[in-house]
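Structure file final.cif (mmCIF, C-alpha atoms) follows.
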```cif
data_input
#
loop_
_atom_site.label_atom_id
_atom_site.label_comp_id
_atom_site.auth_asym_id
_atom_site.auth_seq_id
_atom_site.Cartn_x
_atom_site.Cartn_y
_atom_site.Cartn_z
CA MET A 266 0.00 0.00 0.00
CA ALA A 267 1.31 3.45 -0.80
CA SER A 268 0.33 6.78 0.59
CA HIS A 269 1.40 10.34 0.04
CA ASP A 270 -0.32 11.75 3.09
CA GLY A 271 0.89 9.33 5.73
CA THR A 272 -2.48 7.58 6.16
CA GLY A 273 -1.63 4.37 4.27
CA ASP A 274 0.30 1.28 5.29
CA ALA A 275 3.54 2.70 3.94
CA GLY A 276 3.61 5.19 6.81
CA GLU A 277 5.60 7.74 4.84
CA ALA A 278 4.33 11.29 4.47
CA GLY A 279 4.61 12.87 1.05
CA GLN A 280 6.96 15.79 0.64
CA ALA A 281 6.48 18.64 -1.78
CA ASP A 282 9.20 19.05 -4.38
CA GLU A 283 10.33 22.36 -5.93
CA LYS A 284 7.57 22.27 -8.55
CA GLY A 285 4.78 21.89 -6.01
CA GLY A 286 4.27 18.18 -6.75
CA THR A 287 4.35 15.34 -4.32
CA THR A 288 7.17 12.88 -3.81
CA TYR A 289 6.09 9.31 -3.15
CA LYS A 290 7.98 6.68 -1.22
CA VAL A 291 6.54 3.29 -2.11
CA THR A 292 7.17 -0.07 -0.50
CA VAL A 293 5.62 -3.06 -2.22
CA ARG A 294 5.58 -6.56 -0.76
CA ASN A 295 3.98 -9.76 -2.03
CA VAL A 296 2.21 -8.18 -4.97
CA THR A 297 1.40 -10.09 -8.12
CA GLY A 298 0.15 -8.29 -11.17
CA HIS A 299 0.40 -4.64 -12.08
CA THR A 300 1.04 -1.81 -9.66
CA THR A 301 0.63 1.88 -10.45
CA THR A 302 1.68 4.66 -8.13
CA GLY A 303 1.51 8.40 -8.59
CA SER A 304 -1.03 10.93 -9.71
CA ARG A 305 -2.78 11.45 -13.01
CA ASN A 306 -1.86 7.96 -14.19
CA THR A 307 -3.58 6.45 -17.17
CA VAL A 308 -3.50 2.68 -17.44
CA VAL A 309 -4.72 1.12 -20.65
CA GLY A 310 -5.07 -2.58 -21.27
CA SER A 311 -7.29 -5.56 -20.93
CA VAL A 312 -7.24 -8.82 -19.07
CA ASN A 313 -6.80 -12.11 -20.93
CA ALA A 314 -7.23 -10.58 -24.38
CA PRO A 315 -5.12 -12.65 -26.74
CA ALA A 316 -2.80 -10.69 -28.95
CA GLU A 317 -2.92 -11.27 -32.67
CA PRO A 318 -0.24 -13.78 -33.69
CA ALA A 319 1.43 -11.18 -35.91
CA ALA A 320 1.67 -8.83 -32.95
CA ARG A 321 3.35 -11.41 -30.74
CA VAL A 322 5.51 -13.15 -33.34
CA ALA A 323 8.00 -11.23 -35.41
CA GLU A 324 8.10 -11.77 -39.16
CA ALA A 325 11.67 -13.08 -38.80
CA GLN A 326 10.40 -15.79 -36.45
CA LEU A 327 7.69 -16.78 -38.92
CA GLU A 328 10.24 -16.93 -41.73
CA GLU A 329 12.49 -19.13 -39.61
CA LEU A 330 9.57 -21.51 -38.95
CA ARG A 331 8.67 -21.55 -42.66
CA GLY A 332 12.30 -22.37 -43.39
CA GLU A 333 12.05 -25.34 -41.03
CA PHE A 334 8.97 -26.54 -42.90
CA ALA A 335 10.92 -26.23 -46.17
CA ARG A 336 13.79 -28.29 -44.72
CA VAL A 337 11.40 -31.02 -43.58
CA ARG A 338 9.78 -30.97 -47.05
CA GLU A 339 13.22 -31.54 -48.62
CA PHE A 340 13.93 -34.29 -46.09
CA ILE A 341 10.69 -36.07 -47.02
CA GLU A 342 11.35 -35.75 -50.74
CA GLY A 343 14.81 -37.29 -50.24
CA LEU A 344 13.69 -40.25 -48.14
CA ASP A 345 14.88 -43.62 -49.38
CA GLY A 346 12.38 -46.45 -49.25
CA ALA A 347 9.35 -44.23 -49.80
CA GLY A 348 7.56 -44.16 -53.15
CA GLU A 349 6.78 -40.98 -55.04
CA ARG A 350 3.08 -41.31 -54.26
CA GLU A 351 3.78 -41.69 -50.54
CA LYS A 352 6.18 -38.72 -50.61
CA GLY A 353 3.57 -36.62 -52.40
CA ALA A 354 0.95 -37.49 -49.78
CA ALA A 355 3.45 -36.67 -47.03
CA VAL A 356 4.21 -33.27 -48.56
CA ASP A 357 0.45 -32.60 -48.76
CA ARG A 358 0.11 -33.44 -45.03
CA LEU A 359 3.09 -31.21 -44.27
CA GLU A 360 1.38 -28.31 -46.06
CA GLU A 361 -1.74 -28.98 -43.96
CA LEU A 362 0.42 -28.87 -40.84
CA GLU A 363 2.07 -25.61 -41.87
CA ALA A 364 -1.34 -24.00 -42.41
CA ALA A 365 -2.63 -25.41 -39.11
CA VAL A 366 0.32 -23.92 -37.22
CA THR A 367 0.59 -20.54 -38.97
CA ASP A 368 -3.06 -19.59 -39.60
CA ASP A 369 -4.56 -16.74 -37.59
CA GLU A 370 -6.09 -19.32 -35.28
CA PRO A 371 -3.91 -22.43 -35.14
CA ASP A 372 -5.82 -25.71 -35.59
CA VAL A 373 -4.63 -28.14 -32.92
CA ARG A 374 -6.89 -30.96 -34.15
CA THR A 375 -5.28 -30.82 -37.57
CA MET A 376 -1.83 -30.78 -35.96
CA GLY A 377 -2.65 -33.97 -34.07
CA ARG A 378 -4.23 -35.63 -37.09
CA VAL A 379 -1.22 -34.85 -39.31
CA ARG A 380 1.23 -36.10 -36.70
CA ALA A 381 -0.79 -39.32 -36.36
CA TRP A 382 -0.72 -39.73 -40.16
CA PHE A 383 3.07 -39.55 -40.16
CA ALA A 384 3.26 -42.01 -37.25
CA GLU A 385 1.22 -44.51 -39.25
CA LYS A 386 2.24 -43.90 -42.86
CA LEU A 387 5.76 -42.47 -42.79
CA PRO A 388 7.39 -43.00 -39.38
CA ALA A 389 10.81 -42.12 -40.81
CA ALA A 390 9.67 -38.47 -40.90
CA LEU A 391 7.81 -38.46 -37.58
CA GLY A 392 10.70 -36.98 -35.60
CA ALA A 393 11.09 -34.10 -38.05
CA VAL A 394 7.35 -33.39 -38.01
CA THR A 395 7.24 -33.50 -34.22
CA ALA A 396 10.17 -31.08 -34.10
CA LEU A 397 8.06 -28.60 -36.10
CA LEU A 398 5.36 -28.78 -33.43
CA LEU A 399 7.98 -28.20 -30.74
CA HIS A 400 9.44 -25.17 -32.51
CA PRO A 401 9.33 -22.10 -30.21
CA THR A 402 7.52 -20.01 -32.82
CA ALA A 403 4.76 -22.63 -33.09
CA ALA A 404 4.28 -22.36 -29.33
CA LEU A 405 4.12 -18.55 -29.53
CA LEU A 406 1.50 -18.69 -32.29
CA VAL A 407 -0.61 -21.10 -30.25
CA GLN A 408 -0.32 -19.00 -27.09
CA ALA A 409 -1.33 -15.87 -29.00
CA ALA A 410 -4.53 -17.62 -30.11
CA GLY A 411 -5.83 -17.81 -26.54
CA GLU A 412 -6.23 -20.14 -23.60
CA ASP A 413 -8.45 -22.75 -25.28
CA VAL A 414 -6.09 -23.26 -28.21
CA ALA A 415 -3.06 -23.28 -25.90
CA ALA A 416 -4.69 -25.89 -23.65
CA GLY A 417 -5.42 -28.13 -26.63
CA PHE A 418 -1.85 -27.71 -27.84
CA ASP A 419 -0.49 -28.57 -24.40
CA GLY A 420 -2.58 -31.75 -24.48
CA LEU A 421 -1.19 -32.64 -27.90
CA ILE A 422 2.39 -32.05 -26.80
CA GLN A 423 1.89 -34.05 -23.62
CA SER A 424 0.50 -36.94 -25.69
CA VAL A 425 3.78 -36.86 -27.61
CA GLY A 426 5.54 -37.44 -24.29
CA VAL A 427 7.57 -34.26 -23.92
CA SER A 428 7.26 -31.14 -21.80
CA SER A 429 5.17 -28.45 -23.41
CA PRO A 430 7.17 -25.59 -24.95
CA SER A 431 4.45 -23.18 -23.83
CA GLU A 432 4.96 -24.01 -20.16
CA GLY A 433 7.03 -21.35 -18.52
#
```

Serialized structure, structure tokens:
Amino acid sequence: MASHDGTGDAGEAGQADEKGGTTYKVTVRNVTGHTTTGSRNTVVGSVNAPAEPAARVAEAQLEELRGEFARVREFIEGLDGAGEREKGAAVDRLEELEAAVTDDEPDVRTMGRVRAWFAEKLPAALGAVTALLLHPTAALLVQAAGEDVAAGFDGLIQSVGVSSPSEG
């Protein structure tokens, strides 16, 4: 609690400075969240409003993630032991995954479905696909979409058997 007139818990009286203002001495203990002290403060914001993914994720981060998708695409196309038809289907699933991760509202169900497809049809690429889901930018995009999407993503990541990258 802060006070400039000596009536609050801080127990410190305010002192006028040369410009006729008040000097505040503030002691804060065991406070979580935002604290504002002073006069004529304006606080603007909202609680639990998800930011747009573009606002939270820099374009350079998105480009890095897209580059990872391109590397996995090349990896799939170069796999030995997989036919051209199977590789084509895998690239199609990879494009679905990229859209599911990078769309304005990430689609966790599609992410899980695509990962399951790779586990069944092309397990040689499963590790690379899972690494895309664990990419830090993917986690940021999911978090920016809101609590429901993030919770679904956490469930997907936990089903993979690793710690969630969105846990902090």

So what does the PyMOL selection byres ((chain A and resi 387-391) around 12) actually pick up in this one, as a PDB file with C-alpha atoms, keeping the file's coordinate frame?
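Printed below is expr_25.pdb as written:
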```
ATOM      1  CA  ARG A 336      13.790 -28.290 -44.720  1.00  0.00           C
ATOM      2  CA  VAL A 337      11.400 -31.020 -43.580  1.00  0.00           C
ATOM      3  CA  ARG A 338       9.780 -30.970 -47.050  1.00  0.00           C
ATOM      4  CA  GLU A 339      13.220 -31.540 -48.620  1.00  0.00           C
ATOM      5  CA  PHE A 340      13.930 -34.290 -46.090  1.00  0.00           C
ATOM      6  CA  ILE A 341      10.690 -36.070 -47.020  1.00  0.00           C
ATOM      7  CA  GLU A 342      11.350 -35.750 -50.740  1.00  0.00           C
ATOM      8  CA  GLY A 343      14.810 -37.290 -50.240  1.00  0.00           C
ATOM      9  CA  LEU A 344      13.690 -40.250 -48.140  1.00  0.00           C
ATOM     10  CA  ASP A 345      14.880 -43.620 -49.380  1.00  0.00           C
ATOM     11  CA  GLY A 346      12.380 -46.450 -49.250  1.00  0.00           C
ATOM     12  CA  ALA A 347       9.350 -44.230 -49.800  1.00  0.00           C
ATOM     13  CA  GLY A 348       7.560 -44.160 -53.150  1.00  0.00           C
ATOM     14  CA  ARG A 350       3.080 -41.310 -54.260  1.00  0.00           C
ATOM     15  CA  GLU A 351       3.780 -41.690 -50.540  1.00  0.00           C
ATOM     16  CA  LYS A 352       6.180 -38.720 -50.610  1.00  0.00           C
ATOM     17  CA  GLY A 353       3.570 -36.620 -52.400  1.00  0.00           C
ATOM     18  CA  ALA A 354       0.950 -37.490 -49.780  1.00  0.00           C
ATOM     19  CA  ALA A 355       3.450 -36.670 -47.030  1.00  0.00           C
ATOM     20  CA  VAL A 356       4.210 -33.270 -48.560  1.00  0.00           C
ATOM     21  CA  ARG A 358       0.110 -33.440 -45.030  1.00  0.00           C
ATOM     22  CA  LEU A 359       3.090 -31.210 -44.270  1.00  0.00           C
ATOM     23  CA  GLY A 377      -2.650 -33.970 -34.070  1.00  0.00           C
ATOM     24  CA  VAL A 379      -1.220 -34.850 -39.310  1.00  0.00           C
ATOM     25  CA  ARG A 380       1.230 -36.100 -36.700  1.00  0.00           C
ATOM     26  CA  ALA A 381      -0.790 -39.320 -36.360  1.00  0.00           C
ATOM     27  CA  TRP A 382      -0.720 -39.730 -40.160  1.00  0.00           C
ATOM     28  CA  PHE A 383       3.070 -39.550 -40.160  1.00  0.00           C
ATOM     29  CA  ALA A 384       3.260 -42.010 -37.250  1.00  0.00           C
ATOM     30  CA  GLU A 385       1.220 -44.510 -39.250  1.00  0.00           C
ATOM     31  CA  LYS A 386       2.240 -43.900 -42.860  1.00  0.00           C
ATOM     32  CA  GLY A 392      10.700 -36.980 -35.600  1.00  0.00           C
ATOM     33  CA  ALA A 393      11.090 -34.100 -38.050  1.00  0.00           C
ATOM     34  CA  VAL A 394       7.350 -33.390 -38.010  1.00  0.00           C
ATOM     35  CA  THR A 395       7.240 -33.500 -34.220  1.00  0.00           C
ATOM     36  CA  ALA A 396      10.170 -31.080 -34.100  1.00  0.00           C
ATOM     37  CA  LEU A 397       8.060 -28.600 -36.100  1.00  0.00           C
ATOM     38  CA  LEU A 398       5.360 -28.780 -33.430  1.00  0.00           C
ATOM     39  CA  VAL A 425       3.780 -36.860 -27.610  1.00  0.00           C
TER      40      VAL A 425
END
```

Name every residue that the PyMOL selection byres ((chain A and resi 370-376) around 7) selects in this structure, writing the answer as a PyMOL selection string with chains first and numbers rising. chain A and resi 362+365-369+377-380+407+410+414+417-418

CA of Phe334 in chain A and CA of Glu412 in chain A are how many Å apart?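 Separation between CA of Phe334 in chain A and CA of Glu412 in chain A: 25.4 Å.
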
One decimal place gives the CA of Ile422 in chain A-CA of Leu405 in chain A separation as 13.9 Å

In Å to one decimal, how far is CA of Ala416 in chain A from CA of Ala323 in chain A? 22.7 Å

Pick from A:Asp357, A:Ala364, A:Ala403, A:Gly426, whichever lies nearest to Glu329 in chain A using all atoms listed in the file: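 Among the listed residues, the smallest separation from Glu329 in chain A belongs to A:Ala403.
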
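Minimum distance to His400 in chain A across A:Glu333, A:Asp419, A:Glu349, A:Glu328 (counting all atoms listed in the file) occurs at A:Glu333.
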